[in-house]
>>> print(open('input_27.txt').read())   # compact mmCIF, C-alpha atoms
# COMPACT_ATOMS: atom_id res chain seq x y z
CA GLN H 1 15.05 5.06 9.45
CA VAL H 2 11.41 4.15 9.93
CA GLN H 3 9.59 6.19 12.53
CA LEU H 4 6.00 6.27 13.69
CA VAL H 5 5.34 8.87 16.36
CA GLU H 6 1.97 9.05 18.07
CA SER H 7 0.71 12.22 19.71
CA GLY H 8 -2.49 13.57 21.23
CA GLY H 9 -2.93 11.23 24.14
CA GLY H 10 -3.69 12.19 27.71
CA LEU H 11 -6.50 12.39 30.21
CA VAL H 12 -10.03 12.94 28.94
CA GLN H 13 -13.37 12.84 30.73
CA PRO H 14 -16.01 10.25 29.90
CA GLY H 15 -18.08 11.44 26.98
CA GLY H 16 -15.26 13.59 25.73
CA SER H 17 -13.29 13.55 22.50
CA ARG H 18 -9.67 13.23 21.57
CA ARG H 19 -7.72 13.10 18.34
CA LEU H 20 -4.61 11.00 18.03
CA SER H 21 -2.08 11.63 15.31
CA CYS H 22 0.68 9.41 13.99
CA ALA H 23 3.46 11.02 12.00
CA ALA H 24 5.32 8.61 9.75
CA SER H 25 8.72 8.84 8.13
CA GLY H 26 11.34 6.63 6.55
CA PHE H 27 9.08 4.58 4.31
CA ALA H 28 6.57 4.98 1.48
CA PHE H 29 3.62 5.90 3.66
CA SER H 30 1.05 6.11 0.88
CA SER H 31 1.50 2.45 -0.03
CA TYR H 32 0.82 1.07 3.45
CA PHE H 33 -2.29 0.13 5.31
CA MET H 34 -2.37 2.14 8.51
CA ASN H 35 -3.84 0.64 11.64
CA TRP H 36 -4.57 1.73 15.16
CA TYR H 37 -4.29 -0.85 17.91
CA ARG H 38 -4.78 -0.49 21.62
CA GLN H 39 -3.82 -2.46 24.67
CA ALA H 40 -5.41 -2.03 28.05
CA VAL H 41 -3.80 -3.22 31.25
CA GLY H 42 -4.20 -6.97 31.56
CA LYS H 43 -5.65 -7.36 28.08
CA GLU H 44 -4.36 -8.37 24.69
CA ARG H 45 -3.61 -5.86 22.02
CA GLU H 46 -6.61 -5.33 19.77
CA LEU H 47 -7.13 -3.76 16.37
CA VAL H 48 -9.26 -0.65 16.73
CA ALA H 49 -9.28 0.90 13.27
CA ALA H 50 -7.72 0.39 9.88
CA ILE H 51 -7.48 2.47 6.76
CA ALA H 52 -6.38 1.42 3.30
CA SER H 53 -3.44 3.06 1.56
CA THR H 54 -5.60 5.44 -0.48
CA GLY H 55 -7.94 6.10 2.41
CA GLY H 56 -10.97 4.82 0.57
CA ILE H 57 -11.64 1.86 2.83
CA THR H 58 -11.83 1.86 6.61
CA ASN H 59 -12.69 -0.78 9.16
CA TYR H 60 -13.44 -0.60 12.86
CA ALA H 61 -13.74 -2.84 15.86
CA ASP H 62 -17.34 -3.28 16.96
CA SER H 63 -16.50 -1.67 20.29
CA VAL H 64 -15.64 1.67 18.65
CA LYS H 65 -17.85 1.67 15.57
CA GLY H 66 -19.78 4.90 15.32
CA ARG H 67 -17.53 6.62 17.86
CA PHE H 68 -14.05 6.50 16.31
CA THR H 69 -12.99 7.65 12.87
CA THR H 70 -9.64 7.10 11.22
CA SER H 71 -8.33 9.19 8.36
CA ARG H 72 -5.03 9.86 6.66
CA ASP H 73 -3.20 12.59 4.85
CA ASN H 74 -0.77 11.01 2.45
CA ALA H 75 0.71 14.39 1.58
CA GLU H 76 1.63 14.88 5.23
CA ASN H 77 2.47 11.21 5.98
CA THR H 78 0.08 11.29 8.90
CA VAL H 79 -2.77 9.13 10.09
CA TYR H 80 -5.40 10.21 12.58
CA LEU H 81 -7.79 8.61 15.00
CA GLN H 82 -10.68 10.83 16.03
CA MET H 83 -12.26 9.44 19.18
CA THR H 84 -15.62 10.68 20.45
CA SER H 85 -18.04 9.64 23.19
CA LEU H 86 -15.10 8.18 25.06
CA LYS H 87 -15.74 5.61 27.77
CA PRO H 88 -13.55 4.46 30.66
CA GLU H 89 -13.11 1.14 28.84
CA ASP H 90 -11.36 3.02 26.04
CA THR H 91 -8.48 3.62 28.42
CA ALA H 92 -5.42 2.00 26.88
CA VAL H 93 -2.10 2.55 25.19
CA TYR H 94 -2.83 3.28 21.53
CA TYR H 95 -0.37 2.15 18.88
CA CYS H 96 0.06 3.24 15.31
CA ASN H 97 0.94 0.45 12.87
CA ALA H 98 2.03 0.59 9.24
CA PHE H 99 1.52 -2.69 7.40
CA LYS H 100 2.39 -3.81 3.89
CA ASN H 101 3.52 -7.40 4.40
CA SER H 102 5.13 -9.52 7.09
CA ARG H 103 8.53 -7.93 6.46
CA GLU H 104 7.23 -4.39 6.21
CA ASP H 105 5.29 -4.09 9.42
CA TYR H 106 6.19 -1.09 11.60
CA TRP H 107 5.02 0.08 15.00
CA GLY H 108 5.01 3.26 17.00
CA LYS H 109 5.92 3.28 20.67
CA GLY H 110 2.36 3.92 21.74
CA ILE H 111 0.58 6.67 23.60
CA LEU H 112 -1.62 6.49 26.66
CA VAL H 113 -5.22 7.62 26.59
CA THR H 114 -6.94 7.68 29.97
CA VAL H 115 -10.69 8.19 30.16
CA SER H 116 -11.62 9.13 33.69
CA SER H 117 -13.46 11.76 35.65
>>> encode(input="input_27.txt", output="structure tokens")
Amino acid sequence: QVQLVESGGGLVQPGGSRRLSCAASGFAFSSYFMNWYRQAVGKERELVAAIASTGGITNYADSVKGRFTTSRDNAENTVYLQMTSLKPEDTAVYYCNAFKNSREDYWGKGILVTVSS
């Protein structure tokens, strides 16, 4: 059974940092691209960060470039999103996504990150 479980969300003050984790199971984690998406209230889901299967290539949305870093540990089947210099506009539900092809495309349930003083 495929599972993606996000953790690390919560309330953080503007300017603060937070690390999200996504623990994967039930599929060959090391052969999948791993992505982080987010969806704010009233907005469409957007791709925030992506990391290739080996971890050698990453990509970021312009809105988070220089502030967010994604990494993965294929031995632990876990992907991370380190978020720094957080802004209120980063408030959203963050989703972990594992993608290989259109039939092998898995999602976590999401976790809320609220940036507020």
>>> closest_atom_pairs(input="input_27.txt", of="stretch 50-71 of chain H", to="stretch 84-104 of chain H", cutoff="9 Å", atoms="only C-alpha atoms", output="JSON lines")
{"residue": "H:Val64", "atom": "CA", "partner": "H:Asp90", "partner_atom": "CA", "distance": 8.6}
{"residue": "H:Gly66", "atom": "CA", "partner": "H:Thr84", "partner_atom": "CA", "distance": 8.8}
{"residue": "H:Arg67", "atom": "CA", "partner": "H:Thr84", "partner_atom": "CA", "distance": 5.2}
{"residue": "H:Phe68", "atom": "CA", "partner": "H:Thr84", "partner_atom": "CA", "distance": 6.1}
{"residue": "H:Thr69", "atom": "CA", "partner": "H:Thr84", "partner_atom": "CA", "distance": 8.6}
>>> closest_residue(input="input_27.txt", among="H:Asn59, H:Gln82, H:Ser53, H:Asn77", to="H:Ser25", atoms="all atoms listed in the file")
H:Asn77
>>> closest_residue(input="input_27.txt", among="H:Lys109, H:Arg72, H:Lys65, H:Lys43", to="H:Val5", atoms="all atoms listed in the file")
H:Lys109
>>> atom_distance(input="input_27.txt", atom1="atom CA of H:Ala23", atom2="atom CA of H:Leu4")
5.6 Å
>>> atom_distance(input="input_27.txt", atom1="atom CA of H:Leu20", atom2="atom CA of H:Glu44")
20.5 Å
>>> atom_distance(input="input_27.txt", atom1="atom CA of H:Gly15", atom2="atom CA of H:Phe33")
29.1 Å
>>> residues_around(input="input_27.txt", residues="H:Gly9", least_positions_apart="6", cutoff="9 Å", atoms="all atoms listed in the file", output="list in words")
Arg18, Arg19, Leu20, Ser21, Val93, Tyr94, Ile111, Leu112, Val113 and Thr114 of chain H
>>> axis_aligned_box(input="input_27.txt", around="stretch 59-66 of chain H", padding_each_side="4 Å", output="AutoDock Vina command-line options")
--center_x -16.2 --center_y 0.8 --center_z 14.7 --size_x 15.1 --size_y 16.2 --size_z 19.1
>>> residues_around(input="input_27.txt", residues="H:Asp73", least_positions_apart="3", cutoff="12 Å", atoms="all atoms listed in the file", output="ChimeraX atom specification")
/H:21-24,29-30,34,51-56,70,76-81
>>> closest_residue(input="input_27.txt", among="H:Ala28, H:Glu46, H:Met83, H:Asp105", to="H:Gly16", atoms="only C-alpha atoms")
H:Met83
